[in-house]
file run-v2.tsv (TSV, C-alpha atoms)
chain	number	residue	atom	x	y	z
A	19	MET	CA	-33.62	-147.10	-104.29
A	20	ARG	CA	-35.16	-146.04	-107.60
A	21	HIS	CA	-38.91	-146.34	-108.06
A	22	ARG	CA	-40.20	-148.71	-110.73
A	23	ILE	CA	-42.28	-146.30	-112.83
A	24	ALA	CA	-44.30	-147.17	-115.94
A	25	VAL	CA	-46.16	-144.87	-118.30
A	26	ILE	CA	-49.04	-146.53	-120.13
A	27	GLY	CA	-49.44	-144.66	-123.42
A	28	GLY	CA	-46.92	-142.95	-125.68
A	29	GLY	CA	-48.91	-139.78	-126.39
A	30	LEU	CA	-47.88	-136.24	-125.50
A	31	ALA	CA	-48.76	-136.49	-121.80
A	32	GLY	CA	-46.84	-139.69	-121.18
A	33	LEU	CA	-43.84	-138.69	-123.27
A	34	THR	CA	-43.54	-135.30	-121.54
A	35	PHE	CA	-43.65	-136.98	-118.13
A	36	ALA	CA	-41.00	-139.48	-119.20
A	37	ARG	CA	-38.77	-136.86	-120.84
A	38	VAL	CA	-38.75	-134.58	-117.80
A	39	LEU	CA	-38.11	-137.49	-115.45
A	40	HIS	CA	-35.32	-138.66	-117.76
A	41	ARG	CA	-33.79	-135.17	-117.57
A	42	HIS	CA	-33.68	-135.59	-113.79
A	43	GLY	CA	-31.83	-138.88	-114.15
A	44	HIS	CA	-34.72	-141.18	-113.21
A	45	PRO	CA	-35.42	-144.24	-115.39
A	46	VAL	CA	-38.96	-144.68	-116.63
A	47	THR	CA	-40.54	-147.18	-119.02
A	48	VAL	CA	-43.10	-146.06	-121.60
A	49	LEU	CA	-45.42	-148.86	-122.75
A	50	GLU	CA	-47.29	-148.13	-125.97
A	51	ARG	CA	-49.79	-150.40	-127.74
A	52	ASP	CA	-48.88	-149.16	-131.25
A	53	PRO	CA	-46.24	-151.41	-132.85
A	54	SER	CA	-44.09	-148.46	-133.97
A	55	PRO	CA	-44.00	-144.63	-133.91
A	56	ASP	CA	-45.40	-144.49	-137.45
A	57	ALA	CA	-48.08	-147.16	-137.08
A	58	ARG	CA	-50.85	-144.58	-137.60
A	59	PRO	CA	-51.09	-140.92	-138.64
A	60	PRO	CA	-49.92	-138.68	-135.78
A	61	GLY	CA	-52.72	-136.11	-136.21
A	62	GLY	CA	-52.84	-132.46	-137.18
A	63	THR	CA	-51.35	-129.26	-135.88
A	64	LEU	CA	-51.28	-127.99	-132.29
A	65	ASP	CA	-50.92	-124.49	-130.89
A	66	LEU	CA	-48.71	-124.66	-127.81
A	67	HIS	CA	-49.59	-122.01	-125.25
A	68	GLU	CA	-46.80	-120.04	-123.65
A	69	LYS	CA	-47.87	-120.86	-120.09
A	70	LEU	CA	-48.95	-124.46	-120.73
A	71	GLY	CA	-47.35	-126.58	-123.46
A	72	GLN	CA	-44.34	-124.32	-123.96
A	73	LEU	CA	-43.72	-124.26	-120.21
A	74	ALA	CA	-43.74	-128.06	-120.22
A	75	LEU	CA	-41.16	-128.13	-123.01
A	76	ASP	CA	-39.03	-125.69	-121.08
A	77	LYS	CA	-39.09	-128.07	-118.11
A	78	ALA	CA	-37.96	-130.83	-120.49
A	79	GLY	CA	-35.11	-128.71	-121.84
A	80	LEU	CA	-36.68	-128.69	-125.32
A	81	LEU	CA	-38.04	-125.16	-125.71
A	82	ALA	CA	-35.32	-123.91	-128.05
A	83	ARG	CA	-35.70	-126.92	-130.33
A	84	PHE	CA	-39.47	-126.42	-130.35
A	85	GLN	CA	-39.05	-122.77	-131.32
A	86	ALA	CA	-36.91	-123.82	-134.29
A	87	LEU	CA	-39.63	-126.20	-135.50
A	88	SER	CA	-42.76	-124.19	-134.71
A	89	ARG	CA	-44.70	-121.90	-137.03
A	90	PRO	CA	-45.56	-118.54	-135.42
A	91	GLU	CA	-47.40	-117.57	-138.61
A	92	GLY	CA	-49.79	-120.45	-137.94
A	93	GLN	CA	-51.49	-118.33	-135.27
A	94	ALA	CA	-53.31	-116.39	-138.03
A	95	MET	CA	-57.08	-116.91	-138.00
A	96	ARG	CA	-59.69	-116.02	-140.62
A	97	ILE	CA	-63.46	-116.37	-140.29
A	98	LEU	CA	-65.76	-116.34	-143.31
A	99	ALA	CA	-69.52	-116.16	-143.70
A	100	THR	CA	-71.18	-119.04	-145.53
A	101	ASP	CA	-71.31	-116.86	-148.70
A	102	GLY	CA	-67.53	-116.42	-148.58
A	103	THR	CA	-67.46	-112.90	-147.11
A	104	VAL	CA	-64.46	-112.37	-144.82
A	105	LEU	CA	-65.80	-111.44	-141.37
A	106	ARG	CA	-62.55	-111.47	-139.38
A	107	ASP	CA	-58.90	-111.75	-140.38
A	108	TRP	CA	-56.43	-111.88	-137.49
A	109	GLN	CA	-52.79	-111.92	-138.57
A	110	SER	CA	-49.93	-112.89	-136.28
A	111	ARG	CA	-47.08	-110.49	-135.66
A	112	PRO	CA	-43.54	-111.62	-136.59
A	113	ASP	CA	-42.56	-111.60	-132.91
A	114	GLU	CA	-45.75	-113.29	-131.66
A	115	SER	CA	-44.87	-116.35	-129.58
A	116	ALA	CA	-47.93	-116.92	-127.39
A	117	ASN	CA	-49.41	-119.85	-129.34
A	118	PRO	CA	-47.18	-120.98	-132.25
A	119	GLU	CA	-48.23	-124.07	-134.17
A	120	ILE	CA	-46.36	-127.35	-134.56
A	121	ASP	CA	-47.32	-130.59	-136.25
A	122	ARG	CA	-48.26	-133.22	-133.69
A	123	GLY	CA	-45.86	-135.71	-135.30
A	124	GLN	CA	-42.95	-133.29	-135.05
A	125	LEU	CA	-43.75	-132.67	-131.40
A	126	ARG	CA	-43.96	-136.39	-130.65
A	127	ASP	CA	-40.57	-137.01	-132.30
A	128	LEU	CA	-39.06	-134.14	-130.34
A	129	LEU	CA	-40.23	-135.68	-127.07
A	130	LEU	CA	-39.24	-139.24	-127.96
A	131	GLY	CA	-35.52	-138.47	-128.15
A	132	PRO	CA	-33.62	-140.94	-125.92
A	133	LEU	CA	-36.66	-142.40	-124.15
A	134	ASP	CA	-37.11	-146.11	-123.52
A	135	VAL	CA	-40.38	-146.83	-125.33
A	136	GLN	CA	-41.57	-150.42	-125.59
A	137	TRP	CA	-43.74	-150.53	-128.71
A	138	GLY	CA	-46.48	-153.10	-129.17
A	139	ARG	CA	-47.11	-153.39	-125.42
A	140	GLY	CA	-50.84	-152.81	-125.05
A	141	ALA	CA	-52.07	-152.85	-121.44
A	142	THR	CA	-55.38	-154.57	-120.79
A	143	GLU	CA	-55.77	-154.18	-117.02
A	144	VAL	CA	-54.16	-152.42	-114.06
A	145	VAL	CA	-54.53	-153.93	-110.61
A	146	PRO	CA	-53.31	-151.78	-107.69
A	147	GLY	CA	-52.57	-153.01	-104.18
A	148	THR	CA	-50.85	-156.31	-104.90
A	149	ARG	CA	-48.06	-157.57	-102.66
A	150	ASP	CA	-45.38	-156.55	-105.16
A	151	GLY	CA	-46.91	-153.24	-106.24
A	152	VAL	CA	-49.25	-152.28	-109.09
A	153	LEU	CA	-49.83	-155.16	-111.48
A	154	VAL	CA	-50.14	-154.42	-115.21
A	155	ARG	CA	-51.50	-157.10	-117.53
A	156	PHE	CA	-50.71	-156.90	-121.25
A	157	ALA	CA	-52.45	-158.09	-124.40
A	158	ASP	CA	-49.63	-160.54	-125.11
A	159	GLY	CA	-50.35	-162.39	-121.84
A	160	ARG	CA	-47.38	-161.03	-119.91
A	161	GLN	CA	-47.64	-159.05	-116.68
A	162	GLU	CA	-45.32	-156.80	-114.68
A	163	THR	CA	-45.45	-154.90	-111.38
A	164	PHE	CA	-44.44	-151.30	-110.72
A	165	ASP	CA	-44.34	-148.84	-107.83
A	166	LEU	CA	-46.15	-146.19	-109.88
A	167	VAL	CA	-48.26	-146.56	-113.03
A	168	ILE	CA	-49.15	-143.42	-114.99
A	169	GLY	CA	-52.25	-143.81	-117.14
A	170	ALA	CA	-51.61	-141.59	-120.16
A	171	ASP	CA	-53.52	-143.78	-122.58
A	172	GLY	CA	-56.15	-141.40	-123.82
A	173	ALA	CA	-59.93	-141.24	-124.03
A	174	TRP	CA	-60.56	-144.98	-123.74
A	175	SER	CA	-57.94	-145.55	-121.07
A	176	ARG	CA	-57.34	-149.09	-119.80
A	177	VAL	CA	-55.85	-147.61	-116.62
A	178	ARG	CA	-58.83	-145.41	-115.68
A	179	PRO	CA	-61.05	-148.30	-114.45
A	180	ALA	CA	-58.56	-148.89	-111.62
A	181	LEU	CA	-59.49	-145.42	-110.32
A	182	SER	CA	-62.87	-144.39	-111.69
A	183	PRO	CA	-66.01	-145.89	-113.27
A	184	ALA	CA	-66.40	-142.85	-115.54
A	185	THR	CA	-66.52	-143.34	-119.31
A	186	PRO	CA	-66.60	-140.68	-122.05
A	187	HIS	CA	-69.99	-139.54	-123.32
A	188	TYR	CA	-70.86	-138.28	-126.80
A	189	THR	CA	-71.02	-134.47	-126.92
A	190	GLY	CA	-73.58	-134.33	-129.72
A	191	VAL	CA	-71.00	-132.98	-132.19
A	192	THR	CA	-69.29	-135.05	-134.88
A	193	LEU	CA	-66.21	-134.17	-136.92
A	194	ILE	CA	-65.30	-135.61	-140.29
A	195	GLU	CA	-61.67	-134.99	-141.12
A	196	THR	CA	-60.19	-134.79	-144.60
A	197	SER	CA	-56.95	-133.32	-145.90
A	198	LEU	CA	-55.25	-131.61	-148.83
A	199	ASP	CA	-51.62	-132.10	-149.83
A	200	ASP	CA	-49.24	-129.67	-151.53
A	201	VAL	CA	-51.99	-127.07	-151.31
A	202	ASP	CA	-49.91	-124.09	-152.48
A	203	THR	CA	-49.08	-125.80	-155.78
A	204	ARG	CA	-52.13	-127.97	-156.42
A	205	HIS	CA	-54.84	-125.69	-154.99
A	206	PRO	CA	-53.45	-122.12	-154.91
A	207	GLY	CA	-56.93	-120.61	-154.63
A	208	LEU	CA	-57.63	-122.61	-151.48
A	209	ALA	CA	-54.17	-121.75	-150.15
A	210	ARG	CA	-55.02	-118.05	-150.42
A	211	LEU	CA	-58.46	-118.63	-148.91
A	212	ILE	CA	-56.99	-120.39	-145.84
A	213	GLY	CA	-54.08	-117.98	-145.34
A	214	ASP	CA	-51.08	-118.73	-143.14
A	215	GLY	CA	-52.97	-120.36	-140.26
A	216	SER	CA	-56.60	-121.42	-139.92
A	217	MET	CA	-59.87	-120.52	-141.58
A	218	ALA	CA	-63.36	-121.26	-140.29
A	219	VAL	CA	-66.92	-120.89	-141.58
A	220	TYR	CA	-69.84	-121.20	-139.17
A	221	GLY	CA	-73.42	-121.97	-140.08
A	222	VAL	CA	-76.50	-123.28	-138.28
A	223	ASN	CA	-75.34	-126.26	-136.19
A	224	ARG	CA	-72.42	-126.88	-138.53
A	225	ALA	CA	-68.98	-125.54	-139.46
A	226	LEU	CA	-66.03	-126.06	-141.78
A	227	VAL	CA	-62.54	-125.47	-140.42
A	228	ALA	CA	-59.26	-125.67	-142.33
A	229	GLN	CA	-55.86	-125.65	-140.60
A	230	ARG	CA	-52.45	-125.41	-142.20
A	231	ASN	CA	-49.84	-127.96	-141.17
A	232	SER	CA	-46.23	-127.86	-142.32
A	233	GLY	CA	-45.14	-128.80	-145.84
A	234	GLY	CA	-48.25	-127.53	-147.62
A	235	HIS	CA	-50.53	-130.02	-145.85
A	236	VAL	CA	-53.99	-128.83	-144.75
A	237	LYS	CA	-56.43	-130.57	-142.41
A	238	VAL	CA	-60.13	-129.88	-143.00
A	239	TYR	CA	-62.80	-130.59	-140.41
A	240	ALA	CA	-66.52	-130.70	-141.18
A	241	GLN	CA	-68.35	-130.27	-137.86
A	242	PHE	CA	-72.05	-130.74	-137.19
A	243	ARG	CA	-74.58	-131.56	-134.49
A	244	ALA	CA	-76.17	-134.95	-134.98
A	245	PRO	CA	-77.07	-138.13	-133.12
A	246	LEU	CA	-74.26	-140.66	-132.84
A	247	ASP	CA	-75.92	-142.92	-135.42
A	248	TRP	CA	-76.58	-140.08	-137.88
A	249	HIS	CA	-75.11	-142.03	-140.79
A	250	THR	CA	-77.64	-144.87	-140.53
A	251	ASP	CA	-80.52	-142.75	-141.90
A	252	LEU	CA	-79.50	-139.47	-143.56
A	253	ASP	CA	-83.07	-138.38	-144.16
A	254	ARG	CA	-84.36	-138.89	-140.61
A	255	HIS	CA	-81.23	-137.65	-138.82
A	256	MET	CA	-79.83	-135.04	-141.21
A	257	GLY	CA	-82.71	-134.02	-143.47
A	258	LEU	CA	-80.75	-134.96	-146.62
A	259	ASN	CA	-83.56	-136.83	-148.40
A	260	ARG	CA	-81.39	-139.96	-148.55
A	261	ARG	CA	-82.92	-142.83	-146.67
A	262	ALA	CA	-80.12	-145.28	-147.35
A	263	GLY	CA	-77.46	-145.55	-144.69
A	264	LEU	CA	-74.04	-144.04	-145.38
A	265	ASP	CA	-71.01	-146.31	-145.57
A	266	LEU	CA	-68.39	-144.28	-143.71
A	267	ALA	CA	-65.64	-146.25	-145.48
A	268	ASP	CA	-66.89	-145.06	-148.89
A	269	ALA	CA	-65.01	-141.79	-149.42
A	270	GLU	CA	-67.07	-140.65	-152.40
A	271	ALA	CA	-70.35	-141.34	-150.59
A	272	VAL	CA	-69.13	-139.37	-147.56
A	273	ARG	CA	-68.00	-136.51	-149.79
A	274	SER	CA	-71.37	-136.41	-151.55
A	275	SER	CA	-73.26	-136.40	-148.23
A	276	LEU	CA	-71.12	-133.61	-146.81
A	277	LEU	CA	-71.59	-131.49	-149.92
A	278	ALA	CA	-75.34	-131.98	-149.51
A	279	LEU	CA	-75.13	-131.09	-145.81
A	280	PHE	CA	-73.30	-127.84	-146.62
A	281	ASP	CA	-75.31	-127.09	-149.74
A	282	GLY	CA	-75.63	-123.38	-150.48
A	283	TRP	CA	-72.28	-122.41	-148.96
A	284	ALA	CA	-69.78	-120.53	-151.16
A	285	ALA	CA	-68.20	-122.68	-153.88
A	286	PRO	CA	-64.59	-121.97	-152.78
A	287	VAL	CA	-65.47	-123.12	-149.26
A	288	LEU	CA	-67.03	-126.33	-150.55
A	289	ASP	CA	-63.88	-126.97	-152.59
A	290	LEU	CA	-62.26	-127.92	-149.27
A	291	LEU	CA	-64.53	-130.98	-149.35
A	292	ARG	CA	-64.44	-131.54	-153.10
A	293	HIS	CA	-60.66	-131.90	-153.09
A	294	GLY	CA	-60.31	-133.86	-149.83
A	295	THR	CA	-58.29	-137.06	-150.26
A	296	ALA	CA	-59.86	-139.23	-147.52
A	297	PHE	CA	-62.51	-138.91	-144.81
A	298	VAL	CA	-62.21	-139.97	-141.17
A	299	HIS	CA	-65.25	-140.09	-138.87
A	300	ARG	CA	-64.52	-138.54	-135.45
A	301	PRO	CA	-67.47	-138.20	-133.03
A	302	LEU	CA	-66.44	-135.95	-130.14
A	303	TYR	CA	-66.52	-137.48	-126.67
A	304	ALA	CA	-65.84	-135.94	-123.25
A	305	LEU	CA	-65.56	-137.02	-119.63
A	306	PRO	CA	-67.71	-135.35	-116.95
A	307	VAL	CA	-66.59	-131.75	-116.47
A	308	SER	CA	-65.43	-132.22	-112.89
A	309	HIS	CA	-64.02	-135.73	-113.17
A	310	THR	CA	-62.13	-136.78	-110.03
A	311	TRP	CA	-61.54	-140.04	-108.17
A	312	ALA	CA	-60.65	-141.31	-104.74
A	313	HIS	CA	-56.87	-141.49	-104.63
A	314	VAL	CA	-55.44	-144.98	-105.12
A	315	PRO	CA	-51.78	-145.51	-104.13
A	316	GLY	CA	-49.52	-146.33	-107.05
A	317	VAL	CA	-51.81	-145.24	-109.91
A	318	THR	CA	-52.76	-141.92	-111.45
A	319	LEU	CA	-53.91	-140.44	-114.78
A	320	LEU	CA	-52.78	-137.69	-117.13
A	321	GLY	CA	-54.31	-135.86	-120.06
A	322	ASP	CA	-57.35	-137.27	-121.85
A	323	ALA	CA	-57.36	-140.32	-119.59
A	324	ALA	CA	-58.04	-137.95	-116.67
A	325	HIS	CA	-60.09	-135.14	-118.22
A	326	LEU	CA	-61.11	-135.68	-121.85
A	327	MET	CA	-62.67	-132.42	-123.05
A	328	PRO	CA	-63.75	-130.84	-126.37
A	329	PRO	CA	-60.74	-130.18	-128.66
A	330	LEU	CA	-60.55	-126.42	-128.44
A	331	GLY	CA	-56.77	-126.05	-128.24
A	332	VAL	CA	-56.28	-126.80	-124.54
A	333	GLY	CA	-56.24	-130.57	-124.00
A	334	ALA	CA	-52.76	-131.32	-125.35
A	335	ASN	CA	-51.34	-128.26	-123.60
A	336	LEU	CA	-52.76	-129.32	-120.25
A	337	ALA	CA	-51.61	-132.91	-120.74
A	338	MET	CA	-48.04	-131.85	-121.39
A	339	LEU	CA	-47.86	-129.47	-118.43
A	340	GLU	CA	-49.34	-132.12	-116.14
A	341	GLY	CA	-46.75	-134.62	-117.30
A	342	ALA	CA	-43.93	-132.17	-116.67
A	343	GLU	CA	-45.23	-131.12	-113.24
A	344	LEU	CA	-45.80	-134.67	-112.04
A	345	ALA	CA	-42.32	-135.68	-113.20
A	346	GLU	CA	-40.72	-132.80	-111.32
A	347	SER	CA	-42.67	-133.70	-108.19
A	348	VAL	CA	-41.69	-137.36	-108.41
A	349	ALA	CA	-38.04	-136.46	-109.00
A	350	ALA	CA	-38.07	-134.17	-105.95
A	351	ALA	CA	-39.74	-136.70	-103.60
A	352	PRO	CA	-37.44	-136.91	-100.54
A	353	GLY	CA	-37.70	-140.66	-100.05
A	354	PRO	CA	-39.49	-143.85	-101.14
A	355	GLY	CA	-42.30	-143.29	-98.66
A	356	ASP	CA	-43.07	-139.84	-100.07
A	357	LEU	CA	-44.03	-140.95	-103.58
A	358	ASP	CA	-47.71	-141.50	-102.80
A	359	GLU	CA	-48.04	-138.16	-101.01
A	360	VAL	CA	-46.48	-136.37	-103.97
A	361	VAL	CA	-48.84	-138.02	-106.47
A	362	HIS	CA	-51.91	-137.27	-104.36
A	363	ALA	CA	-50.95	-133.59	-104.09
A	364	PHE	CA	-50.46	-133.45	-107.86
A	365	GLU	CA	-53.92	-134.92	-108.47
A	366	GLU	CA	-55.59	-132.25	-106.35
A	367	GLN	CA	-53.83	-129.55	-108.36
A	368	MET	CA	-54.66	-131.21	-111.69
A	369	TRP	CA	-58.36	-131.61	-110.86
A	370	ALA	CA	-58.79	-127.94	-109.98
A	371	ARG	CA	-57.11	-126.63	-113.13
A	372	ALA	CA	-58.56	-129.19	-115.55
A	373	GLY	CA	-62.07	-128.73	-114.18
A	374	GLY	CA	-61.91	-125.03	-114.97
A	375	TRP	CA	-60.74	-125.65	-118.52
A	376	ALA	CA	-63.32	-128.39	-119.05
A	377	LYS	CA	-66.09	-125.91	-118.24
A	378	ILE	CA	-64.61	-123.38	-120.67
A	379	THR	CA	-64.21	-125.84	-123.55
A	380	THR	CA	-67.64	-127.40	-123.03
A	381	ALA	CA	-69.25	-123.98	-123.16
A	382	GLY	CA	-67.07	-123.11	-126.14
A	383	LEU	CA	-68.21	-126.12	-128.15
A	384	GLU	CA	-71.83	-125.18	-127.46
A	385	ARG	CA	-71.17	-121.74	-128.98
A	386	LEU	CA	-69.03	-122.84	-131.92
A	387	VAL	CA	-71.50	-125.42	-133.24
A	388	SER	CA	-74.84	-123.85	-132.39
A	389	PRO	CA	-78.14	-122.72	-133.94
A	390	ASP	CA	-76.79	-119.15	-133.98
A	391	PRO	CA	-73.55	-118.71	-135.98
A	392	ALA	CA	-73.11	-115.27	-134.42
A	393	GLU	CA	-72.21	-117.04	-131.17
A	394	ALA	CA	-69.09	-118.51	-132.79
A	395	LEU	CA	-67.99	-115.11	-134.06
A	396	ALA	CA	-68.60	-113.53	-130.65
A	397	LEU	CA	-66.50	-116.23	-128.99
A	398	PHE	CA	-63.54	-115.52	-131.27
A	399	ASP	CA	-63.91	-111.80	-130.65
A	400	GLU	CA	-63.51	-112.53	-126.95
A	401	VAL	CA	-60.37	-114.65	-127.23
A	402	GLN	CA	-58.50	-113.18	-130.20
A	403	PRO	CA	-56.19	-110.18	-129.66
A	404	SER	CA	-57.74	-106.87	-130.63
call {"tool": "encode", "arguments": {"input": "run-v2.tsv", "output": "structure tokens"}}
result
Amino acid sequence: MRHRIAVIGGGLAGLTFARVLHRHGHPVTVLERDPSPDARPPGGTLDLHEKLGQLALDKAGLLARFQALSRPEGQAMRILATDGTVLRDWQSRPDESANPEIDRGQLRDLLLGPLDVQWGRGATEVVPGTRDGVLVRFADGRQETFDLVIGADGAWSRVRPALSPATPHYTGVTLIETSLDDVDTRHPGLARLIGDGSMAVYGVNRALVAQRNSGGHVKVYAQFRAPLDWHTDLDRHMGLNRRAGLDLADAEAVRSSLLALFDGWAAPVLDLLRHGTAFVHRPLYALPVSHTWAHVPGVTLLGDAAHLMPPLGVGANLAMLEGAELAESVAAAPGPGDLDEVVHAFEEQMWARAGGWAKITTAGLERLVSPDPAEALALFDEVQPS
């Protein structure tokens, strides 16, 4: 008898779980609140680690297709001083495959493939332990029961409350994202400044990071330490001598405030902000470093729903590997009565590994956006190949 399995959330964790389980011949339903795959921008570029995200794709039978889409040259990394001086310039080798880049949208489409995804099915509540299994209530008023519900619905998970009272907390660091299109043709100087991969500039409690995506698209992230309500009083919170609150929906006002915040930095670096086409406010949140829960039969979590951590290149990789590993374990469960034991064993393994990475990324964020810019440079010296 096949288990009734539902994945709540159509992000990378849930899709990897579903794709690997599908490869093993087990049906699984993915329930996603977005009305369609293209309902919102898919996000920027990801570096998939050889022993994490790439391993997950190998388990899904998709590694070769990923390699055809990925950009090994995207592993290049350049760090500049605020005056524009190049401090470090790491170039990737032609045969380097440890952390190639891929656009998040391309990766999502690769995983979607033949999967049964029910779009526009936003879950509002998960109730374990009912007579017929785990009850899932949806925003449209319908409800269904399953033998196993996988909460892969991100930072503000609707599944997590069935297992844990934990909620994400603000890290003290905010990102504002903008982007440049057709950069090689429209902004060739910036294209040369960024290089083939990423470029970063670190100052006192702030940074500017630019990352190449495919097709000449560049994502730019202004990062700074500030209270969560920093935009309500720019003078008091940011020292910008502007007492009026900032309307985050006003792109030109946001641009002007960011240029004031990074005043004195090299003109070519500030051009990343001057030419940005839109601005998206992204305060960074995280779950407690060692987030665990008492096991509840029939429900578990993956990815950001389980261990939201600072975005330092690990979260998506972990989420995908967890999805692949859990799927393999579920597919290999000897009988119906073994499903709960398999899930519980997976959780123990996930908590140990994710807790270690959460400590690393939390410490990393403290060093990357800190009062001493030399800490950011030292961190890159530790992790980049010599």
call {"tool": "closest_residue", "arguments": {"input": "run-v2.tsv", "among": "A:Ala376, A:Ala342, A:Ile212, A:Leu105", "to": "Phe364 (chain A)", "atoms": "only C-alpha atoms"}}
result
A:Ala342
call {"tool": "closest_residue", "arguments": {"input": "run-v2.tsv", "among": "A:His362, A:Arg178, A:Lys237, A:His40", "to": "Ala324 (chain A)", "atoms": "all atoms listed in the file"}}
result
A:Arg178
call {"tool": "atom_distance", "arguments": {"input": "run-v2.tsv", "atom1": "CA of Gly92 (chain A)", "atom2": "CA of Leu66 (chain A)"}}
result
11.0 Å
call {"tool": "residues_around", "arguments": {"input": "run-v2.tsv", "residues": "region 257-269 of chain A", "least_positions_apart": "6", "cutoff": "7 Å", "atoms": "only C-alpha atoms", "output": "number ranges by chain"}}
result
A: 249-251, 278-279, 296-297
call {"tool": "closest_residue", "arguments": {"input": "run-v2.tsv", "among": "A:Ile97, A:Leu33, A:Ala312, A:Leu305", "to": "Ala78 (chain A)", "atoms": "all atoms listed in the file"}}
result
A:Leu33
call {"tool": "closest_atom_pairs", "arguments": {"input": "run-v2.tsv", "of": "region 298-389 of chain A", "to": "region 46-49 of chain A", "cutoff": "12 Å", "atoms": "only C-alpha atoms", "output": "JSON lines"}}
result
{"residue": "A:Ala345", "atom": "CA", "partner": "A:Val46", "partner_atom": "CA", "distance": 10.2}
{"residue": "A:Val348", "atom": "CA", "partner": "A:Val46", "partner_atom": "CA", "distance": 11.3}
{"residue": "A:Ala349", "atom": "CA", "partner": "A:Val46", "partner_atom": "CA", "distance": 11.3}
call {"tool": "residues_around", "arguments": {"input": "run-v2.tsv", "residues": "Trp375 (chain A)", "least_positions_apart": "2", "cutoff": "12 Å", "atoms": "only C-alpha atoms", "output": "PyMOL selection string"}}
result
chain A and resi 307-309+325-337+368-373+377-382
call {"tool": "residues_near_point", "arguments": {"input": "run-v2.tsv", "point": "(-42.5, -135.2, -136.7)", "cutoff": "12 Å", "atoms": "only C-alpha atoms", "output": "list in words"}}
result
Pro55, Asp56, Pro59, Pro60, Gly61, Gly62, Thr63, Phe84, Leu87, Ser88, Ile120, Asp121, Arg122, Gly123, Gln124, Leu125, Arg126, Asp127, Leu128, Leu129, Leu130, Gly131, Asn231, Ser232 and Gly233 of chain A
call {"tool": "residues_around", "arguments": {"input": "run-v2.tsv", "residues": "Ala285 (chain A)", "least_positions_apart": "6", "cutoff": "12 Å", "atoms": "only C-alpha atoms", "output": "PDB file with C-alpha atoms, keeping the file's coordinate frame"}}
result
ATOM      1  CA  THR A 100     -71.180-119.040-145.530  1.00  0.00           C
ATOM      2  CA  ASP A 101     -71.310-116.860-148.700  1.00  0.00           C
ATOM      3  CA  GLY A 102     -67.530-116.420-148.580  1.00  0.00           C
ATOM      4  CA  THR A 103     -67.460-112.900-147.110  1.00  0.00           C
ATOM      5  CA  GLY A 207     -56.930-120.610-154.630  1.00  0.00           C
ATOM      6  CA  LEU A 208     -57.630-122.610-151.480  1.00  0.00           C
ATOM      7  CA  LEU A 211     -58.460-118.630-148.910  1.00  0.00           C
ATOM      8  CA  LEU A 277     -71.590-131.490-149.920  1.00  0.00           C
ATOM      9  CA  LEU A 291     -64.530-130.980-149.350  1.00  0.00           C
ATOM     10  CA  ARG A 292     -64.440-131.540-153.100  1.00  0.00           C
ATOM     11  CA  HIS A 293     -60.660-131.900-153.090  1.00  0.00           C
TER      12      HIS A 293
END
call {"tool": "residues_around", "arguments": {"input": "run-v2.tsv", "residues": "Leu198 (chain A)", "least_positions_apart": "2", "cutoff": "8 Å", "atoms": "only C-alpha atoms", "output": "number ranges by chain"}}
result
A: 196, 200-201, 235-238, 290, 293-295
call {"tool": "atom_distance", "arguments": {"input": "run-v2.tsv", "atom1": "CA of Phe35 (chain A)", "atom2": "CA of Ser175 (chain A)"}}
result
16.9 Å
call {"tool": "decode", "arguments": {"input": "run-v2.tsv", "residues": "region 57-76 of chain A", "atoms": "C-alpha atoms", "output": "compact mmCIF listing (two decimals), in the first residue's frame"}}
result
# COMPACT_ATOMS: atom_id res chain seq x y z
CA ALA A 57 3.85 34.11 -10.29
CA ARG A 58 6.86 35.90 -8.76
CA PRO A 59 10.57 36.33 -9.58
CA PRO A 60 12.44 33.10 -8.80
CA GLY A 61 15.44 34.84 -7.20
CA GLY A 62 19.11 35.14 -8.06
CA THR A 63 21.96 32.76 -8.64
CA LEU A 64 23.03 29.81 -6.48
CA ASP A 65 26.35 28.03 -6.16
CA LEU A 66 25.68 24.31 -5.82
CA HIS A 67 28.31 22.54 -3.73
CA GLU A 68 29.74 19.29 -4.99
CA LYS A 69 28.92 17.37 -1.79
CA LEU A 70 25.58 19.05 -1.07
CA GLY A 71 23.36 20.40 -3.86
CA GLN A 72 25.13 18.55 -6.66
CA LEU A 73 24.91 15.31 -4.71
CA ALA A 74 21.17 15.86 -4.36
CA LEU A 75 20.82 16.36 -8.12
CA ASP A 76 22.80 13.19 -8.70
